[in-house]
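Colleague: Take this structure, written in structure tokens, and hold onto it; I'll ask about it next.
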Amino acid sequence: MDLRKKIEMACTYAGISQATLARALEVTPATFNSRLKVCKFSPEELSKIAEVLGGKYVFGFEFPDGTKI
């Protein structure tokens, strides 16, 4: 599943529209929609999106010995 779909699903799950999310991120809904189409978000922005939605964004590598990077 691509990042765009995950963000859309997270908004639905949290009951927050993409326009509301955009305003919480201090961008216009049009700007947010444009960036969502190309999935241009920094790790910090993804964390902020998760925070607004009431969740957390987790990204990284996990190895069999439990090491997480």
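For the structure tokens, the naming scheme is as follows: chains receive sequential letters (A, B, ...) according to their order of presentation, residues are indexed from 1 within each chain, and ligands are indexed from 1 in presentation order.
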Mind checking DSSP for chain A and telling me the helix (DSSP H, G or I) residues as an MDAnalysis selection string?

Modeller: chainID A and resid 3:14 18:24 29:38 43:53

Colleague: For those residues, write C-alpha atoms to a file as an mmCIF file, in the first residue's frame.

Modeller:
data_model
loop_
_atom_site.group_PDB
_atom_site.id
_atom_site.type_symbol
_atom_site.label_atom_id
_atom_site.label_comp_id
_atom_site.auth_asym_id
_atom_site.auth_seq_id
_atom_site.Cartn_x
_atom_site.Cartn_y
_atom_site.Cartn_z
ATOM 1 C CA LEU A 3 1.818 6.322 1.421
ATOM 2 C CA ARG A 4 -1.022 8.314 -0.121
ATOM 3 C CA LYS A 5 -3.488 5.512 0.551
ATOM 4 C CA LYS A 6 -2.213 5.139 4.116
ATOM 5 C CA ILE A 7 -2.722 8.855 4.816
ATOM 6 C CA GLU A 8 -6.208 8.740 3.305
ATOM 7 C CA MET A 9 -7.096 5.678 5.395
ATOM 8 C CA ALA A 10 -5.650 7.266 8.542
ATOM 9 C CA CYS A 11 -7.788 10.377 7.992
ATOM 10 C CA THR A 12 -10.886 8.230 7.585
ATOM 11 C CA TYR A 13 -10.047 6.187 10.666
ATOM 12 C CA ALA A 14 -9.454 9.331 12.741
ATOM 13 C CA GLN A 18 -7.963 16.085 4.544
ATOM 14 C CA ALA A 19 -8.917 19.779 4.531
ATOM 15 C CA THR A 20 -8.921 19.845 8.344
ATOM 16 C CA LEU A 21 -5.599 18.021 8.389
ATOM 17 C CA ALA A 22 -4.144 20.525 5.909
ATOM 18 C CA ARG A 23 -5.189 23.479 8.059
ATOM 19 C CA ALA A 24 -3.692 21.810 11.151
ATOM 20 C CA PRO A 29 -6.051 22.099 1.352
ATOM 21 C CA ALA A 30 -4.969 22.574 -2.286
ATOM 22 C CA THR A 31 -1.295 22.535 -1.314
ATOM 23 C CA PHE A 32 -1.774 19.468 0.854
ATOM 24 C CA ASN A 33 -3.644 17.676 -1.930
ATOM 25 C CA SER A 34 -0.877 18.466 -4.421
ATOM 26 C CA ARG A 35 1.779 17.121 -2.073
ATOM 27 C CA LEU A 36 -0.341 14.067 -1.282
ATOM 28 C CA LYS A 37 -0.527 13.226 -4.995
ATOM 29 C CA VAL A 38 3.276 12.965 -5.175
ATOM 30 C CA PRO A 43 9.740 12.391 8.197
ATOM 31 C CA GLU A 44 8.970 15.356 10.470
ATOM 32 C CA GLU A 45 5.851 16.180 8.473
ATOM 33 C CA LEU A 46 4.697 12.568 8.620
ATOM 34 C CA SER A 47 5.127 12.631 12.393
ATOM 35 C CA LYS A 48 3.079 15.846 12.550
ATOM 36 C CA ILE A 49 0.361 14.286 10.379
ATOM 37 C CA ALA A 50 0.222 11.320 12.745
ATOM 38 C CA GLU A 51 0.088 13.626 15.771
ATOM 39 C CA VAL A 52 -2.835 15.589 14.316
ATOM 40 C CA LEU A 53 -4.622 12.310 13.577
#

Colleague: Quick check, in Å to one decimal: how far apart do CA of Lys68 (chain A) and CA of Leu25 (chain A) lie?

Modeller: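 A separation of 28.4 Å between them.
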
Colleague: What is the CA of Phe41 (chain A)-CA of Pro64 (chain A) distance in Å, reported with one decimal?

Modeller: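 These two atoms are separated by 28.7 Å.
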
Colleague: Give me, please, the distance in Å between CA of Thr28 (chain A) and CA of Met1 (chain A), quoted to one decimal.

Modeller: 25.6 Å
